[in-house]
Amino acid sequence: MHDPRVGRFFAIDPLFKSFPWNSPYAFSENRVIDGFELEGLEVVLFNKDKENMMYNVGIDNDDRSALHIYAHGNPKSIFDDRTLDKEGRGKELKSAVAIDKMLQQSNEKEMWNSRSKDKPLIVVLHSCRTGRNLKDENGNETNSSIAKKLSKIKNTIVVAPDERDVFMDLFIDEVELGPYVFTNTNHNADYTKFKNDKDKSKKHEKITSQTMTQGNWIIYQNGIEIGRMTGGTPTGDEVKEYLKHKDDVPVQTEPDRSMLPGKI
């Protein structure tokens, strides 16, 4: 849909309201040699009708220094909820191969495939606990996180939260606060306390609340943890800057969950 003679779309960009500083006809900010269009829609895997707030946060992210993926997730997988089955479930992406296949079918294919040894691509997973490796009660790793597995793809640096990624509607704006610890969770951050209500629809409903304790963004490369950042929602440039000076930054550790409110 790009007319190279005049350097613009044939039609108005449907997302033009989110980018008031650009012409509604501009393609790749008129950088058609060294740039490529980043719409972000294909890596926002939330169902727009069910998760409108989180969907909006995803498509409003204009950071071009990293590839951002927004989705529901857990330590073992992320979910492509754009199309739901009859039971209201999306497609579970349980491996690096499955995520690669999804990206190869997205508008971010060019960015994903542009990574190289000299310019590794930073991928940020905005998905709960996707950076957390599962462990037994003695602290031995029992299962690698999906972020760790994805980082084994050549020339890829993956950043993912070890706790639940919190989104909030502030009325004025919808924002992502980053990872936070929740009450009534165990050493793997799994919920441990549930209602036992006679109402079947509420049975096993989680009893939990967000604490003020921030989690970490774990950074992986080649299947190895190379750093961790605390709080917020990192851009690719912030991750690069952190990695340059990580030896000067105190190592962030996992919070002592025995001291958290609501621990059982």
# chains A, B, ... in the order shown; residues from 1 in each chain; ligands from 1
>>> select_by_dssp(residues="range 17-252 of chain A", states="alpha helix (DSSP H)", output="PyMOL selection string")
chain A and resi 52-60+96-104+109-113+146-150+236-245
>>> residues_around(residues="range 50-59 of chain A", least_positions_apart="3", cutoff="9 Å", atoms="only C-alpha atoms", output="PyMOL selection string")
chain A and resi 18+39-41+43-47+62+68-71+126+167-169+174-176
>>> write_last_selection(atoms="N, CA and C atoms", output="tab-separated table (two decimals), in the first residue's frame")
chain	number	residue	atom	x	y	z
A	18	SER	N	-3.01	8.02	16.99
A	18	SER	CA	-2.01	7.70	18.01
A	18	SER	C	-0.66	8.34	17.72
A	39	GLU	N	3.88	-1.44	13.34
A	39	GLU	CA	2.53	-1.12	13.76
A	39	GLU	C	2.23	-1.67	15.15
A	40	GLY	N	2.81	-2.80	15.51
A	40	GLY	CA	2.62	-3.36	16.83
A	40	GLY	C	1.38	-4.21	17.00
A	41	LEU	N	0.47	-4.21	16.02
A	41	LEU	CA	-0.78	-4.95	16.19
A	41	LEU	C	-0.57	-6.45	16.29
A	43	VAL	N	1.84	-8.17	17.44
A	43	VAL	CA	2.46	-8.70	18.65
A	43	VAL	C	1.67	-8.32	19.89
A	44	VAL	N	0.49	-7.74	19.70
A	44	VAL	CA	-0.43	-7.54	20.82
A	44	VAL	C	-1.43	-8.69	20.73
A	45	LEU	N	-1.19	-9.71	21.54
A	45	LEU	CA	-1.93	-10.97	21.42
A	45	LEU	C	-3.14	-11.03	22.35
A	46	PHE	N	-3.49	-9.89	22.96
A	46	PHE	CA	-4.71	-9.84	23.76
A	46	PHE	C	-5.92	-9.78	22.83
A	47	ASN	N	-7.02	-10.34	23.29
A	47	ASN	CA	-8.27	-10.21	22.56
A	47	ASN	C	-8.84	-8.81	22.85
A	62	ASP	N	5.20	3.07	21.44
A	62	ASP	CA	5.88	3.49	20.20
A	62	ASP	C	7.40	3.33	20.29
A	68	HIS	N	8.33	-5.61	21.10
A	68	HIS	CA	7.51	-5.84	22.30
A	68	HIS	C	6.37	-6.80	21.99
A	69	ILE	N	6.20	-7.80	22.84
A	69	ILE	CA	5.11	-8.77	22.68
A	69	ILE	C	4.22	-8.69	23.92
A	70	TYR	N	2.96	-8.38	23.71
A	70	TYR	CA	1.98	-8.29	24.79
A	70	TYR	C	1.05	-9.50	24.74
A	71	ALA	N	0.96	-10.22	25.84
A	71	ALA	CA	0.13	-11.42	25.85
A	71	ALA	C	-0.07	-11.91	27.28
A	126	HIS	N	5.80	-8.81	27.56
A	126	HIS	CA	4.94	-8.20	28.58
A	126	HIS	C	3.90	-9.24	28.97
A	167	PHE	N	-1.27	-4.02	34.81
A	167	PHE	CA	-1.81	-2.96	33.97
A	167	PHE	C	-2.90	-2.24	34.77
A	168	MET	N	-3.05	-0.94	34.53
A	168	MET	CA	-4.02	-0.19	35.31
A	168	MET	C	-4.65	0.92	34.47
A	169	ASP	N	-5.95	1.10	34.66
A	169	ASP	CA	-6.68	2.19	34.01
A	169	ASP	C	-6.71	3.35	35.00
A	174	GLU	N	-4.27	4.73	30.24
A	174	GLU	CA	-4.11	3.33	30.58
A	174	GLU	C	-2.61	3.02	30.55
A	175	VAL	N	-2.09	2.44	31.63
A	175	VAL	CA	-0.65	2.28	31.75
A	175	VAL	C	-0.28	0.88	32.21
A	176	GLU	N	0.97	0.53	31.93
A	176	GLU	CA	1.56	-0.71	32.43
A	176	GLU	C	2.52	-0.34	33.55
>>> residues_around(residues="Leu103 in chain A", least_positions_apart="4", cutoff="10 Å", atoms="only C-alpha atoms", output="ChimeraX atom specification")
/A:42-43,69,97-99,107-113
>>> write_last_selection(atoms="N, CA and C atoms", output="mmCIF file, in the first residue's frame")
data_model
loop_
_atom_site.group_PDB
_atom_site.id
_atom_site.type_symbol
_atom_site.label_atom_id
_atom_site.label_comp_id
_atom_site.auth_asym_id
_atom_site.auth_seq_id
_atom_site.Cartn_x
_atom_site.Cartn_y
_atom_site.Cartn_z
ATOM 1 N N GLU A 42 0.325 -6.984 15.469
ATOM 2 C CA GLU A 42 0.487 -8.428 15.416
ATOM 3 C C GLU A 42 1.177 -9.008 16.648
ATOM 4 N N VAL A 43 1.843 -8.173 17.440
ATOM 5 C CA VAL A 43 2.463 -8.698 18.653
ATOM 6 C C VAL A 43 1.665 -8.316 19.894
ATOM 7 N N ILE A 69 6.202 -7.797 22.839
ATOM 8 C CA ILE A 69 5.115 -8.766 22.684
ATOM 9 C C ILE A 69 4.216 -8.689 23.917
ATOM 10 N N VAL A 97 9.979 -22.204 19.016
ATOM 11 C CA VAL A 97 9.586 -22.472 17.626
ATOM 12 C C VAL A 97 8.194 -21.902 17.351
ATOM 13 N N ALA A 98 7.267 -22.080 18.295
ATOM 14 C CA ALA A 98 5.898 -21.589 18.118
ATOM 15 C C ALA A 98 5.867 -20.059 18.082
ATOM 16 N N ILE A 99 6.665 -19.422 18.936
ATOM 17 C CA ILE A 99 6.713 -17.960 18.941
ATOM 18 C C ILE A 99 7.361 -17.445 17.659
ATOM 19 N N ASN A 107 3.462 -8.482 11.040
ATOM 20 C CA ASN A 107 4.054 -7.324 10.374
ATOM 21 C C ASN A 107 5.447 -7.023 10.914
ATOM 22 N N GLU A 108 5.807 -7.670 12.022
ATOM 23 C CA GLU A 108 7.134 -7.484 12.599
ATOM 24 C C GLU A 108 8.138 -8.491 12.056
ATOM 25 N N LYS A 109 7.742 -9.243 11.036
ATOM 26 C CA LYS A 109 8.625 -10.252 10.443
ATOM 27 C C LYS A 109 9.965 -9.653 10.021
ATOM 28 N N GLU A 110 9.929 -8.481 9.399
ATOM 29 C CA GLU A 110 11.169 -7.873 8.909
ATOM 30 C C GLU A 110 12.087 -7.498 10.070
ATOM 31 N N MET A 111 11.503 -6.936 11.118
ATOM 32 C CA MET A 111 12.300 -6.570 12.292
ATOM 33 C C MET A 111 12.872 -7.821 12.962
ATOM 34 N N TRP A 112 12.030 -8.836 13.109
ATOM 35 C CA TRP A 112 12.445 -10.086 13.742
ATOM 36 C C TRP A 112 13.595 -10.732 12.981
ATOM 37 N N ASN A 113 13.525 -10.703 11.667
ATOM 38 C CA ASN A 113 14.555 -11.337 10.853
ATOM 39 C C ASN A 113 15.766 -10.450 10.580
#
>>> closest_atom_pairs(of="range 62-127 of chain A", to="range 195-217 of chain A", cutoff="12 Å", atoms="only C-alpha atoms", output="CSV")
residue,atom,partner,partner_atom,distance
A:Val123,CA,A:Trp217,CA,11.8
A:Val124,CA,A:Trp217,CA,9.1
A:Leu125,CA,A:Trp217,CA,9.4
A:His126,CA,A:Trp217,CA,9.7
A:Ser127,CA,A:Trp217,CA,10.8
>>> select_by_dssp(residues="range 14-250 of chain A", states="strand (DSSP E or B)", output="PyMOL selection string")
chain A and resi 26+44+67-70+73-74+77-80+91-93+121-126+134-135+141-143+156-161+164-169+174-182+185+191+194+206+210-214+216-221+224-230
>>> closest_residue(among="A:Lys246, A:His72, A:Lys148, A:Lys119", to="Asp165 in chain A", atoms="only C-alpha atoms")
A:His72
>>> atom_distance(atom1="CA of Ile226 in chain A", atom2="CA of Lys94 in chain A")
22.6 Å
>>> atom_distance(atom1="CA of Arg228 in chain A", atom2="CA of Leu150 in chain A")
16.5 Å
>>> residues_around(residues="Val158 in chain A", least_positions_apart="3", cutoff="7 Å", atoms="only C-alpha atoms", output="PDB file with N, CA and C atoms, in the first residue's frame")
ATOM      1  N   ILE A 122      16.449  -7.029  20.758  1.00  0.00           N
ATOM      2  CA  ILE A 122      15.888  -7.115  22.102  1.00  0.00           C
ATOM      3  C   ILE A 122      14.384  -7.361  21.979  1.00  0.00           C
ATOM      4  N   VAL A 123      13.911  -8.427  22.618  1.00  0.00           N
ATOM      5  CA  VAL A 123      12.488  -8.777  22.624  1.00  0.00           C
ATOM      6  C   VAL A 123      11.992  -8.667  24.064  1.00  0.00           C
ATOM      7  N   VAL A 124      10.964  -7.853  24.285  1.00  0.00           N
ATOM      8  CA  VAL A 124      10.398  -7.682  25.626  1.00  0.00           C
ATOM      9  C   VAL A 124       9.057  -8.394  25.683  1.00  0.00           C
ATOM     10  N   ALA A 147      10.890 -17.392  28.352  1.00  0.00           N
ATOM     11  CA  ALA A 147      11.825 -16.338  27.943  1.00  0.00           C
ATOM     12  C   ALA A 147      13.233 -16.897  27.774  1.00  0.00           C
ATOM     13  N   SER A 151      15.358 -17.056  24.222  1.00  0.00           N
ATOM     14  CA  SER A 151      16.664 -16.392  24.088  1.00  0.00           C
ATOM     15  C   SER A 151      17.713 -17.281  23.434  1.00  0.00           C
ATOM     16  N   ILE A 219      16.762 -10.644  32.134  1.00  0.00           N
ATOM     17  CA  ILE A 219      17.333 -10.509  30.796  1.00  0.00           C
ATOM     18  C   ILE A 219      18.116 -11.777  30.461  1.00  0.00           C
ATOM     19  N   TYR A 220      17.754 -12.418  29.333  1.00  0.00           N
ATOM     20  CA  TYR A 220      18.403 -13.658  28.907  1.00  0.00           C
ATOM     21  C   TYR A 220      19.045 -13.488  27.532  1.00  0.00           C
ATOM     22  N   GLN A 221      20.149 -14.177  27.353  1.00  0.00           N
ATOM     23  CA  GLN A 221      20.768 -14.299  26.026  1.00  0.00           C
ATOM     24  C   GLN A 221      21.440 -15.666  25.946  1.00  0.00           C
TER      25      GLN A 221
END
>>> residues_around(residues="range 133-136 of chain A", least_positions_apart="3", cutoff="7 Å", atoms="only C-alpha atoms", output="list in words")
Pro75, Gly139, Asn140, Glu141, Thr142, Asn143, Ser144, Ser145 and Asn188 of chain A
>>> write_last_selection(atoms="N, CA and C atoms", output="PDB file, in the first residue's frame")
ATOM      1  N   PRO A  75       5.117 -19.035  33.305  1.00  0.00           N
ATOM      2  CA  PRO A  75       6.515 -19.426  33.070  1.00  0.00           C
ATOM      3  C   PRO A  75       6.742 -20.349  31.881  1.00  0.00           C
ATOM      4  N   GLY A 139      15.057 -24.935  45.768  1.00  0.00           N
ATOM      5  CA  GLY A 139      15.681 -23.949  44.897  1.00  0.00           C
ATOM      6  C   GLY A 139      16.303 -24.511  43.637  1.00  0.00           C
ATOM      7  N   ASN A 140      16.076 -25.788  43.348  1.00  0.00           N
ATOM      8  CA  ASN A 140      16.628 -26.401  42.132  1.00  0.00           C
ATOM      9  C   ASN A 140      15.689 -26.161  40.958  1.00  0.00           C
ATOM     10  N   GLU A 141      16.255 -25.741  39.829  1.00  0.00           N
ATOM     11  CA  GLU A 141      15.427 -25.440  38.664  1.00  0.00           C
ATOM     12  C   GLU A 141      14.821 -26.718  38.100  1.00  0.00           C
ATOM     13  N   THR A 142      13.500 -26.675  37.899  1.00  0.00           N
ATOM     14  CA  THR A 142      12.790 -27.830  37.359  1.00  0.00           C
ATOM     15  C   THR A 142      12.292 -27.603  35.932  1.00  0.00           C
ATOM     16  N   ASN A 143      12.175 -26.342  35.540  1.00  0.00           N
ATOM     17  CA  ASN A 143      11.693 -26.034  34.186  1.00  0.00           C
ATOM     18  C   ASN A 143      12.150 -24.637  33.800  1.00  0.00           C
ATOM     19  N   SER A 144      12.759 -24.512  32.627  1.00  0.00           N
ATOM     20  CA  SER A 144      13.213 -23.200  32.154  1.00  0.00           C
ATOM     21  C   SER A 144      12.026 -22.361  31.705  1.00  0.00           C
ATOM     22  N   SER A 145      12.108 -21.065  31.924  1.00  0.00           N
ATOM     23  CA  SER A 145      11.041 -20.165  31.510  1.00  0.00           C
ATOM     24  C   SER A 145      10.977 -20.073  29.992  1.00  0.00           C
ATOM     25  N   ASN A 188       7.169 -20.259  43.564  1.00  0.00           N
ATOM     26  CA  ASN A 188       7.077 -20.124  42.108  1.00  0.00           C
ATOM     27  C   ASN A 188       6.083 -19.038  41.706  1.00  0.00           C
TER      28      ASN A 188
END
>>> atom_distance(atom1="CA of His187 in chain A", atom2="CA of Gly131 in chain A")
14.2 Å
